[in-house]
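A.B. asks: If you scroll down you'll find the structure; I have some questions about it.
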Amino acid sequence: MKATGVVRRIDDLGRIVIPKEIRRNLRIREGDSLEIYTDGNEAIILKKYSHIESINNFIAQYAEAVFASSKREIIVTDNERIIAVAGNFRKDIVGKKIDIRLDDKIQKRNTQVFERGESLEITDNLVINTPLVLKPISVYGDLIGAVIVIGENAIGELEKSIAEMTSLFISKYLES
């Protein structure tokens, strides 16, 4: 664990305030869910909760099936990390933290198409310069991640449909 030097008192309702700088560094926003762990004795550990991470094996298999049937590369993220990839991506990028610029794109809440020549920074050492479509994933109105589908020469209805279908499927699966 890394010491921050910050000390906070617990109020009469058992609440503490997480300092703004820590929230900013960890990208914790109002409404985010945190999991609470203990080490058994003295430490309380707070971890951002990821709806998607709880089903990441299922999502990885789903992404592989999408790639096998459409031959379109796909990336699925939560708000923090890459959850699944399928296609010609190195599998070691799964689990890597997403780039802050990708997070900003997700927060826009709309489907975004990137044409040839535009780039999207996914994570350290992964910038995609080919056409792609980005579709945020929303569960009960909360943004929880994104689906990115890479096109061959341009983005057509197939890529948009895959991104829309995958986002909607994950949303409905997590809402049930």
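Please note that chains go A, B, ... in the order of the structure tokens, that every chain numbers its residues from 1, and that ligands are numbered from 1 in the order shown.
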For the structure I just gave you, how does DSSP split segment 42-79 of chain A - specifically, which residues are strand (DSSP E or B)? Reply as a list in words.
C.D. replies: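 Matching residues for strand (DSSP E or B) in segment 42-79 of chain A are Ile44, Ile45, Leu46, Lys47, Lys48, Ile74, Ile75, Val76, Thr77 and Asp78 of chain A.
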A.B. asks: At a cut-off of 12 Å, using only C-alpha atoms, what residues contact Ile59 of chain A? Leave out same-chain residues fewer than 6 positions from it and give the result as a PyMOL selection string.
C.D. replies: chain A and resi 51-53+65-66+74-78+82-86+94+147+166-167+169-171+173-174
A.B. asks: Write out the residues from the selection above, keeping N, CA and C atoms, as a PDB file, in the first residue's frame.
C.D. replies:
```pdb
ATOM      1  N   HIS A  51     -18.711  -3.539 -12.996  1.00  0.00           N
ATOM      2  CA  HIS A  51     -19.756  -4.492 -13.362  1.00  0.00           C
ATOM      3  C   HIS A  51     -19.234  -5.479 -14.397  1.00  0.00           C
ATOM      4  N   ILE A  52     -18.488  -4.953 -15.356  1.00  0.00           N
ATOM      5  CA  ILE A  52     -18.015  -5.783 -16.460  1.00  0.00           C
ATOM      6  C   ILE A  52     -16.972  -6.785 -15.992  1.00  0.00           C
ATOM      7  N   GLU A  53     -16.079  -6.357 -15.096  1.00  0.00           N
ATOM      8  CA  GLU A  53     -15.008  -7.248 -14.656  1.00  0.00           C
ATOM      9  C   GLU A  53     -15.563  -8.518 -14.023  1.00  0.00           C
ATOM     10  N   ALA A  65     -16.195 -14.748 -30.229  1.00  0.00           N
ATOM     11  CA  ALA A  65     -17.263 -15.198 -31.128  1.00  0.00           C
ATOM     12  C   ALA A  65     -17.600 -14.117 -32.156  1.00  0.00           C
ATOM     13  N   VAL A  66     -17.630 -12.874 -31.734  1.00  0.00           N
ATOM     14  CA  VAL A  66     -17.886 -11.768 -32.659  1.00  0.00           C
ATOM     15  C   VAL A  66     -16.798 -11.724 -33.731  1.00  0.00           C
ATOM     16  N   ILE A  74     -12.191  -6.445 -32.023  1.00  0.00           N
ATOM     17  CA  ILE A  74     -13.054  -5.833 -31.026  1.00  0.00           C
ATOM     18  C   ILE A  74     -12.305  -5.696 -29.707  1.00  0.00           C
ATOM     19  N   ILE A  75     -12.588  -4.599 -29.011  1.00  0.00           N
ATOM     20  CA  ILE A  75     -12.048  -4.338 -27.678  1.00  0.00           C
ATOM     21  C   ILE A  75     -13.225  -3.983 -26.787  1.00  0.00           C
ATOM     22  N   VAL A  76     -13.261  -4.549 -25.572  1.00  0.00           N
ATOM     23  CA  VAL A  76     -14.275  -4.201 -24.582  1.00  0.00           C
ATOM     24  C   VAL A  76     -13.538  -3.691 -23.353  1.00  0.00           C
ATOM     25  N   THR A  77     -13.972  -2.524 -22.854  1.00  0.00           N
ATOM     26  CA  THR A  77     -13.352  -1.938 -21.669  1.00  0.00           C
ATOM     27  C   THR A  77     -14.408  -1.695 -20.592  1.00  0.00           C
ATOM     28  N   ASP A  78     -13.934  -1.567 -19.358  1.00  0.00           N
ATOM     29  CA  ASP A  78     -14.776  -0.943 -18.355  1.00  0.00           C
ATOM     30  C   ASP A  78     -14.280   0.498 -18.259  1.00  0.00           C
ATOM     31  N   ILE A  82      -8.881  -2.481 -19.888  1.00  0.00           N
ATOM     32  CA  ILE A  82      -9.313  -3.296 -21.013  1.00  0.00           C
ATOM     33  C   ILE A  82      -9.740  -4.650 -20.453  1.00  0.00           C
ATOM     34  N   ILE A  83     -10.956  -5.064 -20.764  1.00  0.00           N
ATOM     35  CA  ILE A  83     -11.524  -6.303 -20.237  1.00  0.00           C
ATOM     36  C   ILE A  83     -11.318  -7.464 -21.202  1.00  0.00           C
ATOM     37  N   ALA A  84     -11.487  -7.215 -22.507  1.00  0.00           N
ATOM     38  CA  ALA A  84     -11.378  -8.298 -23.490  1.00  0.00           C
ATOM     39  C   ALA A  84     -10.959  -7.724 -24.836  1.00  0.00           C
ATOM     40  N   VAL A  85     -10.214  -8.534 -25.592  1.00  0.00           N
ATOM     41  CA  VAL A  85      -9.855  -8.194 -26.968  1.00  0.00           C
ATOM     42  C   VAL A  85      -9.998  -9.440 -27.823  1.00  0.00           C
ATOM     43  N   ALA A  86     -10.295  -9.241 -29.083  1.00  0.00           N
ATOM     44  CA  ALA A  86     -10.335 -10.359 -30.021  1.00  0.00           C
ATOM     45  C   ALA A  86      -9.843  -9.854 -31.360  1.00  0.00           C
ATOM     46  N   VAL A  94      -4.893  -6.944 -22.160  1.00  0.00           N
ATOM     47  CA  VAL A  94      -6.044  -7.149 -21.274  1.00  0.00           C
ATOM     48  C   VAL A  94      -5.595  -6.854 -19.851  1.00  0.00           C
ATOM     49  N   VAL A 147     -17.391  -0.440 -26.077  1.00  0.00           N
ATOM     50  CA  VAL A 147     -17.071  -1.430 -27.100  1.00  0.00           C
ATOM     51  C   VAL A 147     -16.426  -0.666 -28.245  1.00  0.00           C
ATOM     52  N   THR A 166     -23.266  -5.393 -29.299  1.00  0.00           N
ATOM     53  CA  THR A 166     -22.438  -5.830 -28.178  1.00  0.00           C
ATOM     54  C   THR A 166     -22.690  -4.969 -26.947  1.00  0.00           C
ATOM     55  N   SER A 167     -22.745  -3.660 -27.129  1.00  0.00           N
ATOM     56  CA  SER A 167     -23.020  -2.758 -26.014  1.00  0.00           C
ATOM     57  C   SER A 167     -24.386  -3.051 -25.397  1.00  0.00           C
ATOM     58  N   PHE A 169     -26.158  -5.833 -25.618  1.00  0.00           N
ATOM     59  CA  PHE A 169     -26.172  -7.166 -25.030  1.00  0.00           C
ATOM     60  C   PHE A 169     -25.552  -7.149 -23.636  1.00  0.00           C
ATOM     61  N   ILE A 170     -24.390  -6.523 -23.501  1.00  0.00           N
ATOM     62  CA  ILE A 170     -23.730  -6.453 -22.194  1.00  0.00           C
ATOM     63  C   ILE A 170     -24.598  -5.681 -21.209  1.00  0.00           C
ATOM     64  N   SER A 171     -25.187  -4.574 -21.655  1.00  0.00           N
ATOM     65  CA  SER A 171     -26.074  -3.786 -20.787  1.00  0.00           C
ATOM     66  C   SER A 171     -27.234  -4.629 -20.272  1.00  0.00           C
ATOM     67  N   TYR A 173     -27.554  -7.864 -20.194  1.00  0.00           N
ATOM     68  CA  TYR A 173     -27.061  -8.987 -19.377  1.00  0.00           C
ATOM     69  C   TYR A 173     -26.803  -8.532 -17.947  1.00  0.00           C
ATOM     70  N   LEU A 174     -26.170  -7.368 -17.787  1.00  0.00           N
ATOM     71  CA  LEU A 174     -25.856  -6.875 -16.444  1.00  0.00           C
ATOM     72  C   LEU A 174     -27.067  -6.320 -15.719  1.00  0.00           C
TER      73      LEU A 174
END
```
A.B. asks: List every residue of segment 31-157 of chain A that DSSP, applied to the backbone of this structure, places in alpha helix (DSSP H), and write the result as a list of chain:residue names.
C.D. replies: A:Asn56, A:Asn57, A:Phe58, A:Ile59, A:Ala60, A:Gln61, A:Tyr62, A:Ala63, A:Glu64, A:Ala65, A:Val66, A:Phe67, A:Ala68, A:Ser69, A:Ser70, A:Ile100, A:Arg101, A:Leu102, A:Asp103, A:Asp104, A:Lys105, A:Ile106, A:Glu157
A.B. asks: Would you save the residues from that selection as a PDB file, in the first residue's frame, using N, CA and C atoms?
C.D. replies:
```pdb
ATOM      1  N   ASN A  56     -15.908 -10.989 -16.880  1.00  0.00           N
ATOM      2  CA  ASN A  56     -14.931 -10.800 -17.953  1.00  0.00           C
ATOM      3  C   ASN A  56     -14.639 -12.060 -18.757  1.00  0.00           C
ATOM      4  N   ASN A  57     -14.701 -13.246 -18.170  1.00  0.00           N
ATOM      5  CA  ASN A  57     -14.485 -14.468 -18.963  1.00  0.00           C
ATOM      6  C   ASN A  57     -15.575 -14.632 -20.012  1.00  0.00           C
ATOM      7  N   PHE A  58     -16.806 -14.367 -19.617  1.00  0.00           N
ATOM      8  CA  PHE A  58     -17.934 -14.441 -20.541  1.00  0.00           C
ATOM      9  C   PHE A  58     -17.759 -13.421 -21.675  1.00  0.00           C
ATOM     10  N   ILE A  59     -17.361 -12.193 -21.325  1.00  0.00           N
ATOM     11  CA  ILE A  59     -17.185 -11.152 -22.326  1.00  0.00           C
ATOM     12  C   ILE A  59     -16.039 -11.499 -23.277  1.00  0.00           C
ATOM     13  N   ALA A  60     -14.977 -12.083 -22.756  1.00  0.00           N
ATOM     14  CA  ALA A  60     -13.855 -12.498 -23.613  1.00  0.00           C
ATOM     15  C   ALA A  60     -14.320 -13.532 -24.639  1.00  0.00           C
ATOM     16  N   GLN A  61     -15.132 -14.493 -24.205  1.00  0.00           N
ATOM     17  CA  GLN A  61     -15.653 -15.499 -25.126  1.00  0.00           C
ATOM     18  C   GLN A  61     -16.596 -14.858 -26.147  1.00  0.00           C
ATOM     19  N   TYR A  62     -17.410 -13.918 -25.695  1.00  0.00           N
ATOM     20  CA  TYR A  62     -18.327 -13.215 -26.587  1.00  0.00           C
ATOM     21  C   TYR A  62     -17.534 -12.451 -27.655  1.00  0.00           C
ATOM     22  N   ALA A  63     -16.484 -11.741 -27.238  1.00  0.00           N
ATOM     23  CA  ALA A  63     -15.651 -10.984 -28.185  1.00  0.00           C
ATOM     24  C   ALA A  63     -15.008 -11.915 -29.211  1.00  0.00           C
ATOM     25  N   GLU A  64     -14.525 -13.067 -28.762  1.00  0.00           N
ATOM     26  CA  GLU A  64     -13.932 -14.044 -29.687  1.00  0.00           C
ATOM     27  C   GLU A  64     -14.971 -14.540 -30.692  1.00  0.00           C
ATOM     28  N   ALA A  65     -16.195 -14.748 -30.229  1.00  0.00           N
ATOM     29  CA  ALA A  65     -17.263 -15.198 -31.128  1.00  0.00           C
ATOM     30  C   ALA A  65     -17.600 -14.117 -32.156  1.00  0.00           C
ATOM     31  N   VAL A  66     -17.630 -12.874 -31.734  1.00  0.00           N
ATOM     32  CA  VAL A  66     -17.886 -11.768 -32.659  1.00  0.00           C
ATOM     33  C   VAL A  66     -16.798 -11.724 -33.731  1.00  0.00           C
ATOM     34  N   PHE A  67     -15.536 -11.841 -33.298  1.00  0.00           N
ATOM     35  CA  PHE A  67     -14.429 -11.818 -34.257  1.00  0.00           C
ATOM     36  C   PHE A  67     -14.499 -13.006 -35.214  1.00  0.00           C
ATOM     37  N   ALA A  68     -14.790 -14.189 -34.690  1.00  0.00           N
ATOM     38  CA  ALA A  68     -14.851 -15.388 -35.529  1.00  0.00           C
ATOM     39  C   ALA A  68     -15.943 -15.272 -36.590  1.00  0.00           C
ATOM     40  N   SER A  69     -17.058 -14.650 -36.234  1.00  0.00           N
ATOM     41  CA  SER A  69     -18.164 -14.575 -37.189  1.00  0.00           C
ATOM     42  C   SER A  69     -18.076 -13.381 -38.134  1.00  0.00           C
ATOM     43  N   SER A  70     -17.455 -12.286 -37.700  1.00  0.00           N
ATOM     44  CA  SER A  70     -17.448 -11.079 -38.533  1.00  0.00           C
ATOM     45  C   SER A  70     -16.073 -10.691 -39.068  1.00  0.00           C
ATOM     46  N   ILE A 100      -6.572   8.186 -20.591  1.00  0.00           N
ATOM     47  CA  ILE A 100      -7.506   9.215 -20.135  1.00  0.00           C
ATOM     48  C   ILE A 100      -8.300   9.800 -21.307  1.00  0.00           C
ATOM     49  N   ARG A 101      -7.698   9.864 -22.503  1.00  0.00           N
ATOM     50  CA  ARG A 101      -8.418  10.381 -23.673  1.00  0.00           C
ATOM     51  C   ARG A 101      -9.525   9.434 -24.112  1.00  0.00           C
ATOM     52  N   LEU A 102      -9.301   8.132 -23.950  1.00  0.00           N
ATOM     53  CA  LEU A 102     -10.361   7.169 -24.242  1.00  0.00           C
ATOM     54  C   LEU A 102     -11.487   7.334 -23.223  1.00  0.00           C
ATOM     55  N   ASP A 103     -11.127   7.507 -21.958  1.00  0.00           N
ATOM     56  CA  ASP A 103     -12.139   7.729 -20.925  1.00  0.00           C
ATOM     57  C   ASP A 103     -12.972   8.965 -21.251  1.00  0.00           C
ATOM     58  N   ASP A 104     -12.332  10.030 -21.720  1.00  0.00           N
ATOM     59  CA  ASP A 104     -13.066  11.240 -22.104  1.00  0.00           C
ATOM     60  C   ASP A 104     -14.051  10.959 -23.231  1.00  0.00           C
ATOM     61  N   LYS A 105     -13.656  10.130 -24.193  1.00  0.00           N
ATOM     62  CA  LYS A 105     -14.552   9.769 -25.300  1.00  0.00           C
ATOM     63  C   LYS A 105     -15.746   8.958 -24.786  1.00  0.00           C
ATOM     64  N   ILE A 106     -15.482   8.031 -23.852  1.00  0.00           N
ATOM     65  CA  ILE A 106     -16.562   7.222 -23.277  1.00  0.00           C
ATOM     66  C   ILE A 106     -17.565   8.125 -22.564  1.00  0.00           C
ATOM     67  N   GLU A 157     -22.103  -0.141 -41.903  1.00  0.00           N
ATOM     68  CA  GLU A 157     -23.212  -0.576 -41.055  1.00  0.00           C
ATOM     69  C   GLU A 157     -22.849  -1.819 -40.242  1.00  0.00           C
TER      70      GLU A 157
END
```
A.B. asks: Counting only C-alpha atoms, which residue out of A:Thr111, A:Ile150, A:Leu168, A:Asp99 sits closest to Leu126 of chain A?
C.D. replies: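 For Leu126 of chain A, the nearest of the given residues is A:Asp99.
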A.B. asks: How far is it from atom CA of Pro136 of chain A to atom CA of Glu21 of chain A, in Å with one decimal?
C.D. replies: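 Atom CA of Pro136 of chain A sits 26.0 Å away from atom CA of Glu21 of chain A.
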A.B. asks: I'd like the interatomic distance between atom CA of Ile93 of chain A and atom CA of Ala3 of chain A, to a tenth of an Å.
C.D. replies: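 Atom CA of Ala3 of chain A lies at a distance of 28.1 Å from atom CA of Ile93 of chain A.
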A.B. asks: Pick the closest to Lys97 of chain A from A:Lys2, A:Lys20, A:Arg81, A:Lys135: which is it, counting only C-alpha atoms?
C.D. replies: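 Going through A:Lys2, A:Lys20, A:Arg81, A:Lys135 one by one, the smallest distance to Lys97 of chain A is for A:Arg81.
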A.B. asks: May I ask which of the residues A:Val127, A:Val17, A:Val139, A:Ile148 is the closest one to Glu175 of chain A, counting only C-alpha atoms?
C.D. replies: A:Val139
A.B. asks: Compare A:Asp142, A:Asn88, A:Ile162, A:Gly5 by their minimum atom-to-atom distance to Glu30 of chain A, counting only C-alpha atoms, and give me the closest one.
C.D. replies: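 For Glu30 of chain A, the nearest of the candidates is A:Asp142.
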A.B. asks: With only C-alpha atoms as the atoms that count, which of A:Asn79, A:Ser161, A:Thr4, A:Asn110 lies nearest to Ser33 of chain A?
C.D. replies: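 The answer is A:Asn79, which sits nearest to Ser33 of chain A.
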A.B. asks: Measuring atom to atom with only C-alpha atoms, identify which of A:Asn125, A:Ile22, A:Leu120, A:Tyr49 is nearest to Leu34 of chain A.
C.D. replies: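 For Leu34 of chain A, the nearest of the given residues is A:Tyr49.
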